[in-house]
$ cat query-v5.pdb   # PDB, C-alpha atoms
ATOM      1  CA  MET U   1      -4.136   3.262 -13.905  1.00  0.00           C
ATOM      2  CA  THR U   2      -5.458   6.203 -15.844  1.00  0.00           C
ATOM      3  CA  GLU U   3      -7.382   4.654 -18.705  1.00  0.00           C
ATOM      4  CA  PRO U   4     -11.197   5.021 -18.726  1.00  0.00           C
ATOM      5  CA  LEU U   5     -13.158   2.378 -16.906  1.00  0.00           C
ATOM      6  CA  PRO U   6     -14.331  -0.417 -19.196  1.00  0.00           C
ATOM      7  CA  PRO U   7     -18.072  -0.798 -19.567  1.00  0.00           C
ATOM      8  CA  SER U   8     -19.191  -3.416 -17.102  1.00  0.00           C
ATOM      9  CA  PRO U   9     -22.138  -4.202 -14.825  1.00  0.00           C
ATOM     10  CA  ALA U  10     -20.110  -2.975 -11.873  1.00  0.00           C
ATOM     11  CA  VAL U  11     -20.090   0.550 -13.346  1.00  0.00           C
ATOM     12  CA  HIS U  12     -23.252   0.872 -15.388  1.00  0.00           C
ATOM     13  CA  ASP U  13     -25.533  -1.065 -13.065  1.00  0.00           C
ATOM     14  CA  VAL U  14     -23.738  -0.196  -9.852  1.00  0.00           C
ATOM     15  CA  SER U  15     -26.878   0.917  -8.018  1.00  0.00           C
ATOM     16  CA  ARG U  16     -28.242  -2.602  -8.108  1.00  0.00           C
ATOM     17  CA  ARG U  17     -25.101  -4.692  -7.608  1.00  0.00           C
ATOM     18  CA  VAL U  18     -24.339  -5.929  -4.110  1.00  0.00           C
ATOM     19  CA  ASP U  19     -23.083  -9.418  -4.850  1.00  0.00           C
ATOM     20  CA  LEU U  20     -19.557  -8.726  -6.089  1.00  0.00           C
ATOM     21  CA  THR U  21     -16.843 -10.494  -4.142  1.00  0.00           C
ATOM     22  CA  LEU U  22     -13.090 -10.191  -3.914  1.00  0.00           C
ATOM     23  CA  CYS U  23     -12.413 -13.001  -6.379  1.00  0.00           C
ATOM     24  CA  THR U  24      -8.819 -13.322  -7.499  1.00  0.00           C
ATOM     25  CA  PRO U  25      -8.124 -13.759 -11.222  1.00  0.00           C
ATOM     26  CA  GLU U  26      -7.082 -17.377 -10.600  1.00  0.00           C
ATOM     27  CA  GLU U  27     -10.449 -18.403  -9.140  1.00  0.00           C
ATOM     28  CA  GLN U  28     -13.037 -20.160 -11.230  1.00  0.00           C
ATOM     29  CA  PRO U  29     -16.475 -18.477 -11.169  1.00  0.00           C
ATOM     30  CA  ARG U  30     -18.080 -21.654  -9.864  1.00  0.00           C
ATOM     31  CA  LEU U  31     -16.395 -24.180  -7.646  1.00  0.00           C
ATOM     32  CA  ARG U  32     -17.469 -27.796  -7.371  1.00  0.00           C
ATOM     33  CA  ALA U  33     -19.512 -28.432  -4.253  1.00  0.00           C
ATOM     34  CA  ASP U  34     -16.715 -30.287  -2.456  1.00  0.00           C
ATOM     35  CA  ALA U  35     -14.139 -27.665  -3.450  1.00  0.00           C
ATOM     36  CA  ALA U  36     -16.462 -24.912  -2.221  1.00  0.00           C
ATOM     37  CA  ARG U  37     -16.887 -26.678   1.128  1.00  0.00           C
ATOM     38  CA  ASN U  38     -13.125 -27.104   1.471  1.00  0.00           C
ATOM     39  CA  ARG U  39     -12.566 -23.446   0.632  1.00  0.00           C
ATOM     40  CA  THR U  40     -15.144 -22.378   3.219  1.00  0.00           C
ATOM     41  CA  ARG U  41     -13.513 -24.583   5.847  1.00  0.00           C
ATOM     42  CA  LEU U  42     -10.087 -23.105   5.095  1.00  0.00           C
ATOM     43  CA  LEU U  43     -11.493 -19.587   5.381  1.00  0.00           C
ATOM     44  CA  GLU U  44     -13.083 -20.436   8.729  1.00  0.00           C
ATOM     45  CA  VAL U  45      -9.735 -21.711   9.983  1.00  0.00           C
ATOM     46  CA  ALA U  46      -7.948 -18.621   8.660  1.00  0.00           C
ATOM     47  CA  ALA U  47     -10.500 -16.305  10.273  1.00  0.00           C
ATOM     48  CA  LYS U  48     -10.030 -18.062  13.622  1.00  0.00           C
ATOM     49  CA  LEU U  49      -6.271 -17.711  13.355  1.00  0.00           C
ATOM     50  CA  ALA U  50      -6.612 -14.034  12.411  1.00  0.00           C
ATOM     51  CA  THR U  51      -8.742 -13.440  15.512  1.00  0.00           C
ATOM     52  CA  GLU U  52      -6.300 -15.270  17.765  1.00  0.00           C
ATOM     53  CA  ARG U  53      -3.003 -14.055  16.315  1.00  0.00           C
ATOM     54  CA  GLY U  54      -3.792 -11.012  14.172  1.00  0.00           C
ATOM     55  CA  ALA U  55      -3.995 -11.121  10.390  1.00  0.00           C
ATOM     56  CA  ALA U  56      -0.322 -10.177   9.995  1.00  0.00           C
ATOM     57  CA  ASN U  57       0.640 -13.493  11.618  1.00  0.00           C
ATOM     58  CA  VAL U  58      -1.573 -15.752   9.499  1.00  0.00           C
ATOM     59  CA  THR U  59       0.514 -17.749   7.044  1.00  0.00           C
ATOM     60  CA  MET U  60      -0.443 -20.319   4.433  1.00  0.00           C
ATOM     61  CA  GLU U  61       1.508 -22.916   6.421  1.00  0.00           C
ATOM     62  CA  ALA U  62      -0.359 -22.074   9.638  1.00  0.00           C
ATOM     63  CA  VAL U  63      -3.725 -22.422   7.901  1.00  0.00           C
ATOM     64  CA  ALA U  64      -2.715 -25.771   6.405  1.00  0.00           C
ATOM     65  CA  CYS U  65      -1.531 -27.039   9.776  1.00  0.00           C
ATOM     66  CA  ALA U  66      -4.635 -25.895  11.632  1.00  0.00           C
ATOM     67  CA  ALA U  67      -6.920 -27.323   8.935  1.00  0.00           C
ATOM     68  CA  GLN U  68      -4.892 -30.559   8.818  1.00  0.00           C
ATOM     69  CA  VAL U  69      -4.378 -30.405   5.064  1.00  0.00           C
ATOM     70  CA  GLY U  70      -1.326 -30.169   2.865  1.00  0.00           C
ATOM     71  CA  LYS U  71       0.131 -26.724   2.242  1.00  0.00           C
ATOM     72  CA  GLY U  72      -0.417 -27.247  -1.478  1.00  0.00           C
ATOM     73  CA  THR U  73      -4.174 -27.434  -0.896  1.00  0.00           C
ATOM     74  CA  VAL U  74      -4.206 -23.938   0.590  1.00  0.00           C
ATOM     75  CA  PHE U  75      -2.085 -22.558  -2.247  1.00  0.00           C
ATOM     76  CA  ARG U  76      -4.358 -24.158  -4.856  1.00  0.00           C
ATOM     77  CA  ARG U  77      -7.433 -22.556  -3.276  1.00  0.00           C
ATOM     78  CA  PHE U  78      -6.057 -19.035  -2.807  1.00  0.00           C
ATOM     79  CA  GLY U  79      -2.934 -18.727  -4.936  1.00  0.00           C
ATOM     80  CA  ASP U  80      -0.831 -17.032  -2.278  1.00  0.00           C
ATOM     81  CA  ARG U  81      -1.130 -15.249   1.047  1.00  0.00           C
ATOM     82  CA  ALA U  82      -2.491 -12.057  -0.533  1.00  0.00           C
ATOM     83  CA  GLY U  83      -5.221 -14.138  -2.173  1.00  0.00           C
ATOM     84  CA  LEU U  84      -6.099 -15.642   1.183  1.00  0.00           C
ATOM     85  CA  MET U  85      -6.317 -12.198   2.773  1.00  0.00           C
ATOM     86  CA  LEU U  86      -8.553 -10.976  -0.045  1.00  0.00           C
ATOM     87  CA  ALA U  87     -10.861 -13.941   0.446  1.00  0.00           C
ATOM     88  CA  LEU U  88     -11.056 -13.226   4.180  1.00  0.00           C
ATOM     89  CA  LEU U  89     -12.020  -9.656   3.408  1.00  0.00           C
ATOM     90  CA  ASP U  90     -14.921 -10.754   1.233  1.00  0.00           C
ATOM     91  CA  HIS U  91     -17.562 -10.810   3.973  1.00  0.00           C
ATOM     92  CA  HIS U  92     -16.467  -7.470   5.415  1.00  0.00           C
ATOM     93  CA  GLU U  93     -16.309  -5.831   1.994  1.00  0.00           C
ATOM     94  CA  GLN U  94     -19.803  -6.979   1.080  1.00  0.00           C
ATOM     95  CA  ARG U  95     -21.150  -5.172   4.139  1.00  0.00           C
ATOM     96  CA  LEU U  96     -19.593  -1.927   2.929  1.00  0.00           C
ATOM     97  CA  GLN U  97     -20.864  -2.527  -0.602  1.00  0.00           C
ATOM     98  CA  ALA U  98     -24.380  -3.107   0.666  1.00  0.00           C
ATOM     99  CA  ALA U  99     -24.209   0.134   2.662  1.00  0.00           C
ATOM    100  CA  PHE U 100     -23.307   2.356  -0.276  1.00  0.00           C
ATOM    101  CA  LEU U 101     -25.313   0.504  -2.929  1.00  0.00           C
ATOM    102  CA  THR U 102     -28.600  -0.187  -1.150  1.00  0.00           C
ATOM    103  CA  GLY U 103     -28.299   1.180   2.380  1.00  0.00           C
ATOM    104  CA  PRO U 104     -29.957   4.189   4.002  1.00  0.00           C
ATOM    105  CA  PRO U 105     -28.933   7.804   3.356  1.00  0.00           C
ATOM    106  CA  PRO U 106     -26.641   9.626   3.288  1.00  0.00           C
ATOM    107  CA  LEU U 107     -24.520   6.760   1.935  1.00  0.00           C
ATOM    108  CA  GLY U 108     -27.257   4.854   0.114  1.00  0.00           C
ATOM    109  CA  PRO U 109     -29.181   5.601  -3.098  1.00  0.00           C
ATOM    110  CA  ASP U 110     -32.028   7.603  -1.539  1.00  0.00           C
ATOM    111  CA  ALA U 111     -29.699  10.549  -0.853  1.00  0.00           C
ATOM    112  CA  PRO U 112     -28.564  13.157  -3.434  1.00  0.00           C
ATOM    113  CA  ALA U 113     -25.338  12.253  -5.237  1.00  0.00           C
ATOM    114  CA  ALA U 114     -23.378  15.056  -3.522  1.00  0.00           C
ATOM    115  CA  GLU U 115     -24.341  13.783  -0.064  1.00  0.00           C
ATOM    116  CA  ARG U 116     -23.475  10.214  -1.033  1.00  0.00           C
ATOM    117  CA  LEU U 117     -20.040  11.252  -2.277  1.00  0.00           C
ATOM    118  CA  ARG U 118     -19.340  13.205   0.922  1.00  0.00           C
ATOM    119  CA  ALA U 119     -20.423  10.232   3.045  1.00  0.00           C
ATOM    120  CA  PHE U 120     -18.435   7.695   1.039  1.00  0.00           C
ATOM    121  CA  GLY U 121     -14.935   8.701   2.178  1.00  0.00           C
ATOM    122  CA  PRO U 122     -15.563   8.590   5.929  1.00  0.00           C
ATOM    123  CA  ALA U 123     -17.489   5.332   5.546  1.00  0.00           C
ATOM    124  CA  VAL U 124     -14.568   3.662   3.760  1.00  0.00           C
ATOM    125  CA  MET U 125     -11.959   4.938   6.228  1.00  0.00           C
ATOM    126  CA  ARG U 126     -13.927   3.889   9.301  1.00  0.00           C
ATOM    127  CA  HIS U 127     -14.800   0.504   7.797  1.00  0.00           C
ATOM    128  CA  GLU U 128     -11.177  -0.249   6.957  1.00  0.00           C
ATOM    129  CA  GLN U 129      -9.943   0.923  10.355  1.00  0.00           C
ATOM    130  CA  ALA U 130     -12.418  -1.454  11.994  1.00  0.00           C
ATOM    131  CA  ASN U 131     -10.796  -4.288   9.993  1.00  0.00           C
ATOM    132  CA  ARG U 132      -7.336  -2.765   9.692  1.00  0.00           C
ATOM    133  CA  ASP U 133      -5.216  -5.920  10.042  1.00  0.00           C
ATOM    134  CA  LEU U 134      -7.002  -7.655   7.195  1.00  0.00           C
ATOM    135  CA  TYR U 135      -6.944  -4.640   4.897  1.00  0.00           C
ATOM    136  CA  LEU U 136      -3.276  -3.906   5.564  1.00  0.00           C
ATOM    137  CA  ALA U 137      -2.374  -7.532   4.860  1.00  0.00           C
ATOM    138  CA  ALA U 138      -4.523  -7.832   1.742  1.00  0.00           C
ATOM    139  CA  ASN U 139      -3.423  -4.515   0.273  1.00  0.00           C
ATOM    140  CA  ALA U 140       0.265  -5.375   0.577  1.00  0.00           C
ATOM    141  CA  ASP U 141       0.049  -6.634  -3.017  1.00  0.00           C
ATOM    142  CA  LEU U 142      -0.975  -3.401  -4.776  1.00  0.00           C
ATOM    143  CA  GLY U 143      -1.249  -5.028  -8.185  1.00  0.00           C
ATOM    144  CA  ARG U 144      -3.842  -7.460  -6.932  1.00  0.00           C
ATOM    145  CA  HIS U 145      -5.548  -4.773  -4.851  1.00  0.00           C
ATOM    146  CA  TYR U 146      -6.077  -2.496  -7.859  1.00  0.00           C
ATOM    147  CA  GLY U 147      -7.248  -5.431  -9.944  1.00  0.00           C
ATOM    148  CA  SER U 148      -9.764  -6.702  -7.396  1.00  0.00           C
ATOM    149  CA  ALA U 149     -13.510  -6.649  -7.940  1.00  0.00           C
ATOM    150  CA  ALA U 150     -13.915  -4.615  -4.754  1.00  0.00           C
ATOM    151  CA  TYR U 151     -11.634  -1.826  -5.985  1.00  0.00           C
ATOM    152  CA  HIS U 152     -13.333  -1.730  -9.390  1.00  0.00           C
ATOM    153  CA  LEU U 153     -16.717  -1.490  -7.724  1.00  0.00           C
ATOM    154  CA  ARG U 154     -15.558   1.360  -5.486  1.00  0.00           C
ATOM    155  CA  VAL U 155     -13.989   3.340  -8.316  1.00  0.00           C
ATOM    156  CA  GLY U 156     -17.004   2.717 -10.527  1.00  0.00           C
ATOM    157  CA  HIS U 157     -19.334   3.929  -7.786  1.00  0.00           C
ATOM    158  CA  VAL U 158     -17.374   7.160  -7.235  1.00  0.00           C
ATOM    159  CA  ALA U 159     -17.083   7.804 -10.978  1.00  0.00           C
ATOM    160  CA  LEU U 160     -20.829   7.281 -11.361  1.00  0.00           C
ATOM    161  CA  LEU U 161     -21.577   9.804  -8.603  1.00  0.00           C
ATOM    162  CA  LEU U 162     -19.241  12.311 -10.261  1.00  0.00           C
ATOM    163  CA  ARG U 163     -21.000  11.827 -13.591  1.00  0.00           C
ATOM    164  CA  GLN U 164     -24.374  12.262 -11.935  1.00  0.00           C
ATOM    165  CA  LEU U 165     -23.090  15.531 -10.495  1.00  0.00           C
ATOM    166  CA  ARG U 166     -21.790  16.552 -13.941  1.00  0.00           C
ATOM    167  CA  ALA U 167     -18.408  17.256 -12.406  1.00  0.00           C
ATOM    168  CA  ASP U 168     -16.177  19.270 -14.737  1.00  0.00           C
ATOM    169  CA  ALA U 169     -13.371  16.719 -14.613  1.00  0.00           C
ATOM    170  CA  ASP U 170     -12.022  13.474 -15.998  1.00  0.00           C
ATOM    171  CA  THR U 171     -14.334  11.450 -13.767  1.00  0.00           C
ATOM    172  CA  ALA U 172     -12.525   8.125 -14.212  1.00  0.00           C
ATOM    173  CA  LEU U 173      -9.164   9.638 -13.255  1.00  0.00           C
ATOM    174  CA  VAL U 174     -10.609  11.737 -10.432  1.00  0.00           C
ATOM    175  CA  ALA U 175     -12.342   8.647  -9.004  1.00  0.00           C
ATOM    176  CA  HIS U 176      -9.001   6.828  -8.790  1.00  0.00           C
ATOM    177  CA  THR U 177      -7.386   9.914  -7.265  1.00  0.00           C
ATOM    178  CA  LEU U 178     -10.082  10.303  -4.626  1.00  0.00           C
ATOM    179  CA  LEU U 179      -9.796   6.648  -3.673  1.00  0.00           C
ATOM    180  CA  GLY U 180      -6.039   7.096  -3.355  1.00  0.00           C
ATOM    181  CA  SER U 181      -6.646   9.464  -0.449  1.00  0.00           C
ATOM    182  CA  LEU U 182      -8.533   6.670   1.341  1.00  0.00           C
ATOM    183  CA  GLU U 183      -5.855   3.967   1.001  1.00  0.00           C
ATOM    184  CA  ILE U 184      -5.464   2.068   4.271  1.00  0.00           C
ATOM    185  CA  THR U 185      -1.667   2.399   4.277  1.00  0.00           C
ATOM    186  CA  LEU U 186      -1.866   6.196   3.930  1.00  0.00           C
ATOM    187  CA  VAL U 187      -4.646   6.512   6.509  1.00  0.00           C
ATOM    188  CA  GLU U 188      -2.722   4.308   8.928  1.00  0.00           C
ATOM    189  CA  HIS U 189       0.416   6.418   8.450  1.00  0.00           C
ATOM    190  CA  LEU U 190      -1.442   9.674   9.034  1.00  0.00           C
ATOM    191  CA  LEU U 191      -3.166   8.343  12.143  1.00  0.00           C
ATOM    192  CA  ALA U 192      -0.263   6.462  13.720  1.00  0.00           C
ATOM    193  CA  GLN U 193       2.808   8.365  12.541  1.00  0.00           C
ATOM    194  CA  ARG U 194       1.529  11.883  11.944  1.00  0.00           C
ATOM    195  CA  GLY U 195      -0.816  12.047  14.899  1.00  0.00           C
ATOM    196  CA  MET U 196      -3.821  13.112  12.854  1.00  0.00           C
ATOM    197  CA  THR U 197      -7.342  12.270  13.970  1.00  0.00           C
ATOM    198  CA  MET U 198     -10.016  10.499  11.999  1.00  0.00           C
ATOM    199  CA  GLU U 199     -12.093  13.676  12.215  1.00  0.00           C
ATOM    200  CA  ARG U 200      -9.296  15.609  10.500  1.00  0.00           C
ATOM    201  CA  LEU U 201      -9.048  13.009   7.735  1.00  0.00           C
ATOM    202  CA  GLU U 202     -12.799  13.151   7.212  1.00  0.00           C
ATOM    203  CA  ALA U 203     -12.645  16.953   6.998  1.00  0.00           C
ATOM    204  CA  GLY U 204      -9.907  16.546   4.399  1.00  0.00           C
ATOM    205  CA  TRP U 205     -12.178  14.308   2.333  1.00  0.00           C
ATOM    206  CA  TYR U 206     -14.970  16.874   2.488  1.00  0.00           C
ATOM    207  CA  GLU U 207     -12.539  19.555   1.309  1.00  0.00           C
ATOM    208  CA  LEU U 208     -11.407  17.414  -1.629  1.00  0.00           C
ATOM    209  CA  VAL U 209     -15.005  16.874  -2.680  1.00  0.00           C
ATOM    210  CA  GLU U 210     -15.904  20.535  -2.290  1.00  0.00           C
ATOM    211  CA  ARG U 211     -12.884  21.618  -4.371  1.00  0.00           C
ATOM    212  CA  LEU U 212     -14.384  19.636  -7.227  1.00  0.00           C
ATOM    213  CA  GLY U 213     -17.382  21.946  -7.015  1.00  0.00           C
ATOM    214  CA  VAL U 214     -19.747  19.078  -6.236  1.00  0.00           C
ATOM    215  CA  GLY U 215     -19.973  19.229  -2.445  1.00  0.00           C
ATOM    216  CA  ALA U 216     -23.302  19.387  -0.625  1.00  0.00           C
TER     217      ALA U 216
END
$ encode --input "query-v5.pdb" --output "structure tokens"
Amino acid sequence: MTEPLPPSPAVHDVSRRVDLTLCTPEEQPRLRADAARNRTRLLEVAAKLATERGAANVTMEAVACAAQVGKGTVFRRFGDRAGLMLALLDHHEQRLQAAFLTGPPPLGPDAPAAERLRAFGPAVMRHEQANRDLYLAANADLGRHYGSAAYHLRVGHVALLLRQLRADADTALVAHTLLGSLEITLVEHLLAQRGMTMERLEAGWYELVERLGVGA
């Protein structure tokens, strides 16, 4: 989407926010205690299955069977398989968020904005490659991916760095464009099908940033 980012805590107070999760639109902000426990149990079962079989082979039916609940219970908690994959990603995504929001330099807030922007691309690519099955499965539904809290936090963070650098550009649009170069499906294609190395992809990110005139 190309419209400007709406004002929200995730953009304007991004340097202090580390608690955003990959909530789907269908989730209620607060679950009852028993519902929260059931959701946690289902996620634990799903994570175990993902470790044993690979995330691509985790189905809603398999989770229900392993958890000994009805399939409808799993669908009510997560909506669909993409929602389940997004929920599984929550813990991993919060680690990345903590790194670029409050972590050490060059990714964290104690580094200059140009250094943080340069470090952001490689950090995202390496993080997603370390959890590639989950990210590939979760990002299969692009509509939900682009609407997720995690994506909005990422794009808000990059746009904020661009504004801090006074980049001569439409910072909201450029932020989306930069993140497009980090998409797990594209990175996976370039690595697996085109024979490129991660080092080459990282160099490409640095070049993109430098062409904006904001590189370190």
$ closest_residue --input "query-v5.pdb" --among "U:Ala64, U:Leu212, U:Leu88, U:Ala55" --to "Arg166 (chain U)" --atoms "all atoms listed in the file"
U:Leu212
$ resolve_selection --input "query-v5.pdb" --expression "the PyMOL selection byres ((chain U and resi 117-132) around 9)" --output "PyMOL selection string"
chain U and resi 89+92-93+96+99-100+105-107+112-116+133-137+158+161-162+178-179+181-184+187-188+198-199+201-203+205-206+209-210+214-216
$ atom_distance --input "query-v5.pdb" --atom1 "CA of Leu173 (chain U)" --atom2 "CA of Val155 (chain U)"
9.3 Å
$ atom_distance --input "query-v5.pdb" --atom1 "CA of Val174 (chain U)" --atom2 "CA of Gly204 (chain U)"
15.6 Å
$ residues_around --input "query-v5.pdb" --residues "region 69-84 of chain U" --least-positions-apart "2" --cutoff "10 Å" --atoms "only C-alpha atoms" --output "number ranges by chain"
U: 22-27, 35-36, 38-39, 42-43, 46, 58-67, 86-89, 134, 137-142, 144-145
$ atom_distance --input "query-v5.pdb" --atom1 "CA of Asn57 (chain U)" --atom2 "CA of His152 (chain U)"
27.8 Å
$ axis_aligned_box --input "query-v5.pdb" --around "region 150-160 of chain U" --padding-each-side "3 Å" --output "AutoDock Vina command-line options"
--center_x -16.2 --center_y 1.6 --center_z -8.1 --size_x 15.2 --size_y 18.4 --size_z 12.6
$ closest_residue --input "query-v5.pdb" --among "U:Arg32, U:Ala169, U:Thr197, U:Ala47" --to "His91 (chain U)" --atoms "only C-alpha atoms"
U:Ala47
